[in-house]
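Enquirer: Structure supplied as input_38.cif; contents: mmCIF, C-alpha atoms.
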```cif
data_start
loop_
_atom_site.label_atom_id
_atom_site.label_comp_id
_atom_site.auth_asym_id
_atom_site.auth_seq_id
_atom_site.Cartn_x
_atom_site.Cartn_y
_atom_site.Cartn_z
CA MET F 236 124.09 160.23 -191.57
CA ILE F 237 123.80 163.50 -189.74
CA ASP F 238 125.71 166.49 -191.07
CA GLU F 239 128.91 167.25 -189.05
CA GLY F 240 128.14 170.96 -188.85
CA LEU F 241 124.61 170.36 -187.57
CA ARG F 242 125.92 167.88 -185.09
CA SER F 243 128.45 170.29 -183.65
CA GLU F 244 125.76 172.99 -183.54
CA LEU F 245 123.43 170.64 -181.65
CA GLN F 246 126.24 169.73 -179.23
CA LYS F 247 126.62 173.38 -178.32
CA GLN F 248 122.95 173.38 -177.35
CA GLY F 249 123.45 170.31 -175.18
CA ILE F 250 121.96 167.80 -177.60
CA TYR F 251 124.23 164.87 -178.37
CA THR F 252 123.61 162.71 -181.39
CA THR F 253 125.45 159.57 -182.34
CA THR F 254 125.09 156.48 -184.48
CA LEU F 255 124.78 152.90 -183.40
CA GLN F 256 128.09 152.19 -185.11
CA GLU F 257 129.91 154.86 -183.13
CA LEU F 258 128.33 153.78 -179.87
CA TYR F 259 129.14 150.15 -180.54
CA ASN F 260 132.74 150.87 -181.53
CA TRP F 261 133.23 153.28 -178.63
CA GLY F 262 132.10 150.61 -176.21
CA ARG F 263 134.30 147.95 -177.74
CA ALA F 264 137.37 150.16 -178.03
CA ASN F 265 137.30 151.25 -174.41
CA SER F 266 136.86 147.84 -172.84
CA VAL F 267 139.50 145.70 -174.47
CA TRP F 268 140.15 142.91 -172.00
CA PRO F 269 143.41 141.07 -172.55
CA LEU F 270 143.98 137.42 -171.77
CA THR F 271 146.34 136.77 -168.86
CA PHE F 272 149.24 134.91 -170.33
CA GLY F 273 152.88 135.61 -170.98
CA LEU F 274 155.44 133.52 -172.77
CA ALA F 275 158.80 135.12 -172.03
CA CYS F 276 160.51 138.33 -170.97
CA CYS F 277 158.05 140.55 -172.90
CA ALA F 278 155.45 139.43 -170.38
CA ILE F 279 157.38 141.27 -167.66
CA GLU F 280 156.97 144.50 -169.63
CA MET F 281 153.29 143.66 -170.13
CA ILE F 282 152.89 143.21 -166.37
CA ALA F 283 154.68 146.52 -165.79
CA ALA F 284 152.33 148.21 -168.26
CA SER F 285 149.32 146.97 -166.31
CA MET F 286 150.69 148.14 -162.95
CA SER F 287 150.40 151.59 -161.40
CA ARG F 288 153.44 153.27 -162.96
CA PHE F 289 152.21 152.88 -166.53
CA ASP F 290 148.58 152.17 -165.67
CA LEU F 291 146.99 150.44 -168.63
CA ALA F 292 143.67 150.95 -166.78
CA ARG F 293 143.49 154.44 -168.30
CA PHE F 294 142.62 152.76 -171.61
CA GLY F 295 139.98 150.40 -170.25
CA ALA F 296 142.32 147.48 -170.77
CA GLU F 297 143.34 146.66 -167.22
CA VAL F 298 141.05 143.71 -166.65
CA PHE F 299 143.38 140.85 -167.51
CA ARG F 300 141.04 137.89 -167.75
CA PRO F 301 142.13 134.51 -166.44
CA SER F 302 139.89 132.69 -168.94
CA PRO F 303 139.94 132.94 -172.74
CA ARG F 304 136.12 132.86 -172.67
CA GLN F 305 136.06 136.35 -171.18
CA ALA F 306 138.90 137.96 -173.13
CA ASP F 307 138.87 140.11 -176.28
CA LEU F 308 142.57 140.60 -176.81
CA MET F 309 145.47 138.19 -176.96
CA ILE F 310 148.82 139.83 -176.27
CA VAL F 311 151.38 137.34 -177.56
CA ALA F 312 154.15 138.53 -175.27
CA GLY F 313 157.32 136.62 -175.90
CA THR F 314 159.01 133.76 -177.72
CA VAL F 315 156.54 131.23 -179.10
CA THR F 316 158.27 127.87 -179.07
CA LYS F 317 157.10 125.17 -181.42
CA LYS F 318 155.93 123.19 -178.41
CA MET F 319 153.83 126.14 -177.20
CA ALA F 320 152.37 127.27 -180.55
CA PRO F 321 149.44 124.77 -180.73
CA LEU F 322 148.38 125.81 -177.24
CA VAL F 323 148.47 129.50 -178.17
CA VAL F 324 146.30 128.82 -181.23
CA ARG F 325 143.91 126.76 -179.12
CA LEU F 326 143.60 129.59 -176.59
CA TYR F 327 142.82 131.98 -179.44
CA ASN F 328 140.15 129.61 -180.74
CA GLN F 329 138.54 129.54 -177.32
CA MET F 330 138.13 133.32 -177.23
CA PRO F 331 134.73 134.70 -178.30
CA GLU F 332 134.42 137.16 -181.20
CA PRO F 333 135.24 140.00 -181.63
CA LYS F 334 138.87 139.24 -180.81
CA TYR F 335 142.19 140.84 -181.57
CA VAL F 336 145.84 139.84 -181.45
CA ILE F 337 148.84 141.99 -180.56
CA ALA F 338 152.23 140.47 -181.40
CA MET F 339 154.53 141.96 -178.81
CA GLY F 340 158.28 141.97 -179.39
CA ALA F 341 160.69 140.64 -181.98
CA CYS F 342 160.11 136.98 -181.06
CA ALA F 343 156.35 137.04 -181.46
CA ILE F 344 156.70 138.89 -184.77
CA SER F 345 159.41 136.82 -186.44
CA GLY F 346 161.15 134.53 -183.98
CA GLY F 347 163.59 137.34 -183.18
CA PRO F 348 167.12 136.31 -182.21
CA PHE F 349 165.99 132.68 -182.11
CA LYS F 350 164.63 132.64 -185.65
CA GLN F 351 167.07 130.08 -187.03
CA GLY F 352 166.72 127.81 -184.03
CA TYR F 353 165.19 124.37 -184.19
CA ASN F 354 162.54 125.03 -181.56
CA VAL F 355 161.15 128.52 -182.09
CA LEU F 356 158.19 129.49 -184.23
CA LYS F 357 159.15 132.13 -186.81
CA GLY F 358 156.33 134.50 -185.90
CA ILE F 359 152.81 133.95 -184.57
CA ASP F 360 151.38 135.51 -187.76
CA ARG F 361 151.88 132.10 -189.37
CA TYR F 362 148.88 130.79 -187.45
CA LEU F 363 146.92 133.80 -186.15
CA PRO F 364 145.68 137.04 -187.75
CA VAL F 365 147.77 139.71 -186.03
CA ASP F 366 146.21 143.19 -185.71
CA VAL F 367 149.11 145.15 -184.23
CA SER F 368 152.83 144.27 -184.08
CA ILE F 369 155.15 146.00 -181.62
CA PRO F 370 158.84 145.89 -182.46
CA GLY F 371 161.37 145.83 -179.64
CA CYS F 372 163.30 143.38 -177.55
CA PRO F 373 161.45 143.75 -175.29
CA PRO F 374 159.25 146.76 -176.11
CA ARG F 375 158.83 149.35 -173.37
CA PRO F 376 155.47 149.51 -171.59
CA GLU F 377 154.84 152.76 -173.46
CA ALA F 378 155.13 150.82 -176.71
CA LEU F 379 152.49 148.36 -175.50
CA ILE F 380 150.23 151.26 -174.54
CA HIS F 381 150.81 152.73 -178.00
CA ALA F 382 149.81 149.39 -179.50
CA ILE F 383 146.59 149.34 -177.45
CA MET F 384 145.85 152.90 -178.64
CA THR F 385 146.52 151.85 -182.23
CA LEU F 386 144.14 148.93 -181.76
CA GLN F 387 141.51 151.25 -180.29
CA GLU F 388 141.85 153.53 -183.30
CA LYS F 389 141.44 150.53 -185.55
CA ILE F 390 138.28 149.47 -183.73
CA LEU F 391 136.84 153.01 -183.73
CA ASN F 392 137.26 153.28 -187.51
CA GLN F 393 135.64 149.95 -188.30
CA LYS F 394 132.44 150.09 -190.32
CA LEU F 395 129.75 147.66 -189.28
CA THR F 396 128.33 147.26 -192.79
CA GLY F 397 129.90 146.99 -196.20
CA PRO F 398 132.79 144.88 -197.43
CA ASP F 399 135.28 146.27 -194.85
CA ARG F 400 133.25 145.21 -191.83
CA PRO F 401 135.06 143.34 -189.06
CA ARG F 402 135.47 139.61 -189.33
CA HIS F 403 132.95 138.72 -186.66
CA LEU F 404 130.15 140.37 -188.68
CA VAL F 405 130.98 138.48 -191.87
CA GLU F 406 128.84 135.41 -192.37
CA GLY F 407 130.99 132.30 -192.69
CA ALA F 408 134.28 134.02 -191.89
CA PRO F 409 136.51 131.81 -189.77
CA SER F 410 136.51 132.42 -186.03
CA GLU F 411 138.77 129.48 -185.31
CA PHE F 412 142.01 128.61 -187.00
CA PRO F 413 143.47 125.12 -187.43
CA VAL F 414 145.68 124.01 -184.55
CA PRO F 415 149.01 122.72 -185.87
CA ALA F 416 150.14 119.23 -184.92
CA TYR F 417 153.55 118.16 -183.64
CA GLY F 418 155.64 116.65 -186.40
CA GLU F 419 158.98 114.88 -186.29
CA HIS F 420 161.05 118.06 -186.51
CA ASP F 421 158.59 120.90 -187.05
CA LEU F 422 154.92 121.73 -186.68
CA GLU F 423 152.61 120.37 -189.34
CA PRO F 424 151.64 122.41 -191.26
CA SER F 425 154.48 124.86 -190.65
CA SER F 426 152.15 127.79 -191.36
CA ASN F 427 148.52 128.51 -192.21
CA PRO F 428 148.62 129.33 -195.96
CA GLN F 429 145.33 131.26 -195.73
CA LEU F 430 146.89 133.69 -193.29
CA TRP F 431 150.53 133.75 -194.20
CA GLN F 432 152.63 133.37 -197.33
CA PRO F 433 156.41 133.65 -197.46
CA PRO F 434 157.45 137.14 -198.59
CA ALA F 435 157.80 137.44 -202.35
CA ILE F 436 161.21 138.28 -203.73
CA LYS F 437 161.49 141.40 -205.86
CA ARG F 438 164.18 141.64 -208.50
CA MET J 220 188.31 122.43 -149.60
CA GLU J 221 190.31 119.42 -150.66
CA THR J 222 191.96 119.40 -154.07
CA PRO J 223 190.72 116.96 -156.73
CA ASP J 224 193.82 114.83 -156.13
CA GLN J 225 193.09 114.53 -152.42
CA ILE J 226 189.47 113.67 -153.12
CA LYS J 227 190.63 111.11 -155.64
CA SER J 228 192.94 109.36 -153.21
CA ARG J 229 190.26 109.26 -150.53
CA LEU J 230 187.69 108.01 -153.04
CA GLU J 231 189.94 105.16 -154.12
CA THR J 232 190.03 103.81 -150.58
CA ALA J 233 186.33 104.47 -149.93
CA VAL J 234 185.07 102.99 -153.20
CA PRO J 235 187.32 100.05 -154.04
CA GLY J 236 187.68 99.31 -157.73
CA ALA J 237 186.58 102.74 -158.93
CA LYS J 238 188.53 104.07 -161.88
CA ILE J 239 189.00 107.74 -161.15
CA GLU J 240 190.96 110.16 -163.25
CA VAL J 241 191.64 113.84 -162.62
CA LEU J 242 191.11 115.75 -165.84
CA THR J 243 193.02 118.96 -166.37
CA ASN J 244 191.58 122.02 -168.00
CA ASP J 245 193.45 124.41 -170.28
CA CYS J 246 191.19 127.39 -169.71
CA PRO J 247 192.37 130.28 -167.48
CA ALA J 248 190.34 129.07 -164.51
CA GLY J 249 192.03 125.69 -164.81
CA GLU J 250 189.27 123.93 -162.94
CA ARG J 251 190.03 120.24 -162.73
CA SER J 252 187.38 117.56 -162.68
CA LEU J 253 186.94 113.98 -161.57
CA LEU J 254 186.24 111.45 -164.30
CA VAL J 255 184.56 108.35 -162.87
CA ASP J 256 183.65 105.14 -164.68
CA PRO J 257 179.87 104.57 -164.98
CA ALA J 258 179.97 101.33 -162.95
CA HIS J 259 181.10 103.11 -159.78
CA VAL J 260 179.73 106.61 -160.27
CA LEU J 261 176.69 106.07 -158.05
CA ALA J 262 178.84 104.88 -155.14
CA VAL J 263 181.24 107.77 -155.69
CA ALA J 264 178.33 110.23 -155.73
CA LYS J 265 176.97 108.79 -152.47
CA PHE J 266 180.38 109.19 -150.88
CA LEU J 267 180.72 112.80 -152.05
CA HIS J 268 177.26 113.53 -150.72
CA ASP J 269 177.65 111.88 -147.29
CA ASP J 270 181.33 112.41 -146.47
CA PRO J 271 181.55 114.77 -143.45
CA GLN J 272 184.53 116.65 -144.91
CA LEU J 273 182.89 117.25 -148.29
CA ARG J 274 179.10 117.18 -147.70
CA LEU J 275 178.37 118.06 -151.34
CA ASP J 276 174.65 118.29 -150.76
CA TYR J 277 173.74 120.50 -153.71
CA CYS J 278 173.98 119.61 -157.38
CA SER J 279 173.84 122.96 -159.08
CA ASN J 280 174.20 122.00 -162.71
CA VAL J 281 174.03 118.96 -164.95
CA THR J 282 175.07 119.19 -168.55
CA GLY J 283 175.93 116.91 -171.43
CA VAL J 284 178.80 116.96 -173.88
CA ASP J 285 178.73 115.23 -177.24
CA TRP J 286 182.04 114.00 -178.54
CA PRO J 287 181.57 112.71 -182.07
CA GLU J 288 183.94 110.28 -183.74
CA THR J 289 187.05 112.22 -184.68
CA GLU J 290 190.26 111.54 -186.51
CA ILE J 291 193.28 112.62 -184.52
CA THR J 292 196.42 113.37 -186.47
CA GLU J 293 199.70 113.58 -184.62
CA GLN J 294 203.27 113.79 -185.77
CA ILE J 295 205.59 111.25 -184.22
CA LYS J 296 209.24 110.48 -184.72
CA VAL J 297 209.89 106.95 -185.79
CA LYS J 298 213.28 105.27 -186.08
CA GLN J 299 213.69 103.69 -189.50
CA VAL J 300 216.51 101.91 -191.17
CA VAL J 301 217.18 103.65 -194.49
CA ASP J 302 220.02 102.26 -196.62
CA GLY J 303 221.48 100.47 -193.65
CA VAL J 304 221.63 103.64 -191.57
CA GLU J 305 219.24 104.19 -188.70
CA LYS J 306 217.48 107.53 -189.05
CA GLU J 307 214.76 109.36 -187.25
CA VAL J 308 211.88 110.04 -189.60
CA GLU J 309 208.78 112.09 -188.84
CA GLU J 310 205.55 110.33 -189.59
CA VAL J 311 201.94 111.44 -189.45
CA LYS J 312 199.91 109.01 -187.43
CA LYS J 313 196.17 109.01 -187.77
CA THR J 314 193.96 107.45 -185.14
CA VAL J 315 190.18 107.39 -185.02
CA ARG J 316 188.81 108.12 -181.60
CA PRO J 317 185.33 106.64 -181.24
CA GLY J 318 182.57 109.02 -180.25
CA PHE J 319 181.16 109.11 -176.76
CA HIS J 320 178.97 111.18 -174.48
CA GLU J 321 179.90 112.89 -171.28
CA VAL J 322 177.67 114.02 -168.41
CA VAL J 323 179.08 116.77 -166.20
CA TYR J 324 177.86 117.55 -162.68
CA HIS J 325 178.76 120.65 -160.69
CA LEU J 326 178.51 119.96 -156.97
CA TYR J 327 178.48 122.39 -154.08
CA SER J 328 178.06 122.14 -150.34
CA MET J 329 175.41 124.34 -148.82
CA GLU J 330 176.31 123.20 -145.32
CA LEU J 331 180.07 123.78 -145.50
CA LYS J 332 179.83 126.53 -148.12
CA HIS J 333 182.39 125.22 -150.56
CA GLY J 334 182.54 123.99 -154.10
CA PRO J 335 182.36 123.35 -156.91
CA VAL J 336 183.56 119.81 -157.39
CA VAL J 337 183.15 118.79 -161.01
CA LEU J 338 182.16 115.21 -161.60
CA ARG J 339 182.14 113.62 -165.06
CA GLN J 340 181.11 110.30 -166.45
CA ARG J 341 181.60 108.99 -169.95
CA THR J 342 179.63 106.49 -171.98
CA VAL J 343 181.28 103.89 -174.16
CA ASN J 344 179.66 105.06 -177.38
CA ARG J 345 176.78 107.23 -178.54
CA ASP J 346 174.07 104.55 -178.70
CA ALA J 347 171.17 103.77 -176.42
CA GLU J 348 172.84 100.51 -175.41
CA ALA J 349 175.62 102.36 -173.60
CA PRO J 350 173.83 104.32 -170.89
CA ALA J 351 175.29 106.60 -168.28
CA VAL J 352 174.11 106.38 -164.69
CA SER J 353 171.55 108.75 -163.27
CA LEU J 354 172.49 110.50 -160.03
CA THR J 355 168.91 111.52 -159.25
CA PRO J 356 168.79 108.97 -156.38
CA VAL J 357 171.58 110.97 -154.69
CA TRP J 358 170.64 114.54 -155.62
CA ARG J 359 166.88 114.86 -156.16
CA GLY J 360 167.39 118.18 -157.96
CA CYS J 361 169.12 116.42 -160.86
CA GLU J 362 165.87 114.99 -162.15
CA PHE J 363 164.80 117.74 -164.55
CA GLN J 364 168.34 118.58 -165.63
CA GLU J 365 169.06 114.95 -166.43
CA ARG J 366 165.84 114.82 -168.40
CA GLU J 367 167.08 117.84 -170.34
CA VAL J 368 170.39 116.07 -171.00
CA PHE J 369 168.44 113.08 -172.27
CA ASP J 370 166.14 115.26 -174.37
CA LEU J 371 168.79 117.32 -176.12
CA PHE J 372 171.78 114.95 -176.24
CA GLY J 373 170.15 111.52 -176.22
CA ILE J 374 172.17 110.24 -173.29
CA TRP J 375 170.24 107.43 -171.65
CA LEU J 376 170.59 107.64 -167.89
CA GLU J 377 170.10 104.36 -166.09
CA GLY J 378 168.18 104.55 -162.85
CA HIS J 379 166.38 107.77 -163.65
CA PRO J 380 162.84 107.65 -162.24
CA ASP J 381 161.14 109.37 -165.18
CA LEU J 382 163.29 109.58 -168.30
CA ARG J 383 161.13 111.46 -170.81
CA ARG J 384 161.61 114.45 -173.07
CA ILE J 385 161.21 117.70 -171.21
CA LEU J 386 161.75 120.61 -173.63
CA MET J 387 160.82 119.07 -176.97
CA TRP J 388 157.52 117.31 -177.59
CA ASP J 389 157.13 113.54 -177.32
CA GLY J 390 157.01 112.82 -181.05
CA PHE J 391 160.20 114.76 -181.77
CA LYS J 392 162.85 112.82 -183.66
CA GLY J 393 166.55 113.20 -183.02
CA PHE J 394 168.54 115.08 -180.42
CA PRO J 395 169.06 118.73 -181.31
CA MET J 396 172.21 119.44 -179.31
CA ARG J 397 174.17 116.58 -180.88
CA LYS J 398 176.90 117.66 -183.26
CA ASP J 399 175.39 115.67 -186.12
CA TYR J 400 171.84 116.99 -185.77
CA VAL J 401 170.59 118.41 -189.05
CA THR J 402 168.12 121.25 -188.54
CA PRO J 403 165.04 121.20 -190.77
CA ASP J 404 165.48 123.19 -193.95
CA ASP J 405 162.76 125.78 -193.42
CA PHE J 406 164.55 128.84 -194.71
CA GLU J 407 162.78 131.32 -196.93
CA TYR J 408 163.43 134.70 -198.50
CA GLU J 409 164.62 137.18 -195.93
CA PRO J 410 166.99 140.11 -195.94
CA THR J 411 169.56 139.18 -193.32
CA PRO J 412 173.08 140.24 -192.37
CA HIS J 413 174.02 136.65 -191.47
CA ASP J 414 175.96 135.10 -194.35
CA LYS J 415 175.25 131.52 -193.33
CA VAL J 416 171.51 132.15 -193.16
CA LEU J 417 171.60 134.05 -196.43
CA ALA J 418 173.39 131.17 -198.18
CA GLU J 419 170.77 128.73 -196.90
CA ALA J 420 167.90 131.05 -197.82
CA ARG J 421 169.29 131.60 -201.35
CA LYS J 422 168.60 127.96 -202.14
CA HIS J 423 164.91 128.72 -201.75
CA TYR J 424 164.84 131.79 -204.00
CA PRO J 425 163.06 131.38 -207.32
CA PRO J 426 165.53 130.85 -210.20
CA GLU J 427 166.89 134.09 -211.53
CA VAL J 428 165.32 135.21 -214.79
CA LYS J 429 167.96 136.28 -217.25
CA ALA J 430 166.94 139.12 -219.53
#
```
Please re-express this file's structure in structure tokens.
Expert:
Amino acid sequence: MIDEGLRSELQKQGIYTTTLQELYNWGRANSVWPLTFGLACCAIEMIAASMSRFDLARFGAEVFRPSPRQADLMIVAGTVTKKMAPLVVRLYNQMPEPKYVIAMGACAISGGPFKQGYNVLKGIDRYLPVDVSIPGCPPRPEALIHAIMTLQEKILNQKLTGPDRPRHLVEGAPSEFPVPAYGEHDLEPSSNPQLWQPPAIKR
Amino acid sequence: METPDQIKSRLETAVPGAKIEVLTNDCPAGERSLLVDPAHVLAVAKFLHDDPQLRLDYCSNVTGVDWPETEITEQIKVKQVVDGVEKEVEEVKKTVRPGFHEVVYHLYSMELKHGPVVLRQRTVNRDAEAPAVSLTPVWRGCEFQEREVFDLFGIWLEGHPDLRRILMWDGFKGFPMRKDYVTPDDFEYEPTPHDKVLAEARKHYPPEVKA
């Protein structure tokens, strides 16, 4: 690794140095392409964020892809019903690595106001590894932009080697997650135990 | 627009044999509705749709109501002979009203710009053998809403072109909007301000360790 002081000194002379890791992360962080899909009212805020007033394009994330094969980011925007959950997981499985998930709004995080209902999934984190959660009902477009910036920061700070490297560089790490099946009253299994455990009670 | 009573009297001449009742409503709006027996409801619907004075060409809303079996208690005065003297004695009478389903239609006229006329039909009981009658042949727009009524209430609608579940998946068991539907017990630890949810979630807490 090059010394920070030397690097800044070289920059003043017009010589830029970087590492492969920085270049790779810089490229990834500034071209996060979300998948075009919305589930409920949060999607309206997501659409607003991508339009000219809020202009998500400033962050390199304006290219909403119509196919999961071309997308890097899944914005779970809205209520995930139990009927919809297997399809959301399948869409995630169809995305190529590296891929990220933003859970947008109260419903995607926990089921929100519908949590005790018979038909709503109590949070997409039961089946998918969520990178950033945005609270709100629905969150403002600024909140979504903040989430994208948080995700970019997360990508920029990833190390490509060592035990903390991102999942897609780990040999044998899962890229696909099991798609739940429709049961008689609930999805089976009702959560992926490798990803999610019920919160422990502290006394 | 005609009042429900006027519609009723015209219907009784137009559809002979139809048992029509005008139901009152205690709510502030006091909107009255027409209760029609399932055997004649299709003919009644056709009349409401085609009649030049009504022209109810738009069915805006279809919904179901589940009436479970209930015990009705009422106090009545009964004349009894006590010690040779006739007296009026109050008695509590209990009757069991069997459960049934109701399908409610809200009808409007786009052409004459009036409405709504509320149309109801009742099933005999809450089983599959006692179906209500689908009005999709009269109002095409009823199709999805009647499927929803079937999906959530389990009201079988005879004559529906495609009676399948619409909101829940095909393998789903039970009808979630029925009064006796038991939701799956999938509560877990959560801090919540809702007492009912908290009571349910408590059952799933690990047993308290006493020091």
Enquirer: Enumerate, in order of chain and increasing residue number, the residues of chain F with an atom no farther than 8 Å from chain J, each with its shortest atom pair and distance in Å to one decimal, counting only C-alpha atoms, as a Markdown table.
Expert:
```
| residue | atom | partner | partner_atom | distance |
| --- | --- | --- | --- | --- |
| F:Lys318 | CA | J:Trp388 | CA | 6.1 |
| F:Gln351 | CA | J:Val416 | CA | 7.8 |
| F:Tyr353 | CA | J:Thr402 | CA | 6.1 |
| F:Asn354 | CA | J:Met387 | CA | 7.7 |
| F:Tyr417 | CA | J:Gly390 | CA | 6.9 |
| F:Gly418 | CA | J:Gly390 | CA | 6.7 |
| F:Glu419 | CA | J:Phe391 | CA | 4.7 |
| F:His420 | CA | J:Phe391 | CA | 5.8 |
| F:Asp421 | CA | J:Pro403 | CA | 7.5 |
| F:Pro433 | CA | J:Glu407 | CA | 6.8 |
| F:Pro434 | CA | J:Tyr408 | CA | 6.5 |
| F:Ala435 | CA | J:Tyr408 | CA | 7.4 |
| F:Ile436 | CA | J:Tyr408 | CA | 6.7 |
```
Enquirer: Determine the residue membership of the PyMOL selection byres ((chain J and resi 259) around 12) for the file above and supply it as a list in words.
Expert: Leu230, Glu231, Ala233, Val234, Pro235, Gly236, Ala237, Lys238, Ile239, Leu254, Val255, Asp256, Pro257, Ala258, Val260, Leu261, Ala262, Val263, Ala264, Lys265, Phe266, Arg339, Gln340, Arg341, Ala351, Val352, Ser353 and Leu354 of chain J
Enquirer: Restricting the calculation to all atoms listed in the file: of J:Asn280, J:His379, J:Leu338, J:Pro426, which residue gets closest to Gln364 (chain J)?
Expert: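 The answer is J:Asn280, which sits nearest to Gln364 (chain J).
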Enquirer: Find the distance between CA of Glu330 (chain J) and CA of Asp276 (chain J) and write it in Å to one decimal.
Expert: 7.5 Å
Enquirer: Would you kindly return, as a PyMOL selection string, each protein, DNA or RNA residue with an atom no farther than 10 Å from any atom of Ala338 (chain F), considering only C-alpha atoms and excluding same-chain residues fewer than 2 positions away?
Expert: chain F and resi 309-313+336+340-345+358-360+363-370+379+382
Enquirer: I'd like to see the residues matched by the PyMOL selection byres ((chain F and resi 297) around 12) on this file, and ideally I'd get them as a ChimeraX atom specification.
Expert: /F:265-271,281-287,289-296,298-300,306,308,380,383
Enquirer: For the file shown, report as a list in words the outcome of the PyMOL selection byres ((chain J and resi 331) around 12) at residue level.
Expert: Met220, His268, Asp270, Pro271, Gln272, Leu273, Arg274, Leu275, Asp276, Tyr277, Tyr327, Ser328, Met329, Glu330, Lys332, His333, Gly334 and Pro335 of chain J
Enquirer: Can you tell me which residues surround Gly318 (chain J) at a distance of at most 6 Å, considering all atoms listed in the file, apart from same-chain residues fewer than 5 positions away, and format the answer as a list in words?
Expert: Trp286, Pro287, Glu288 and Asn344 of chain J
Enquirer: Out of J:Lys313, J:Ala248, J:Thr282, J:Val337, which residue has the shortest atom-to-atom distance to Pro223 (chain J) when counting all atoms listed in the file?
Expert: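 Among J:Lys313, J:Ala248, J:Thr282, J:Val337, it is J:Val337 that comes nearest to Pro223 (chain J).
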Enquirer: Nearest to Gln429 (chain F): which of F:Pro409, F:Ala264, F:Glu332, F:Gly240 is it, counting only C-alpha atoms?
Expert: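 Among the listed residues, the smallest separation from Gln429 (chain F) belongs to F:Pro409.
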Enquirer: I'd like the interatomic distance between CA of Trp358 (chain J) and CA of Gln225 (chain J), to a tenth of an Å.
Expert: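 Pair CA of Trp358 (chain J) / CA of Gln225 (chain J) returns 22.7 Å.
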Enquirer: When you count all atoms listed in the file, which of these residues is closest to Phe412 (chain F): F:Arg325, F:Asn392, F:Gln387, F:Cys372?
Expert: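 Checking each candidate against Phe412 (chain F), we get F:Arg325 as the closest.
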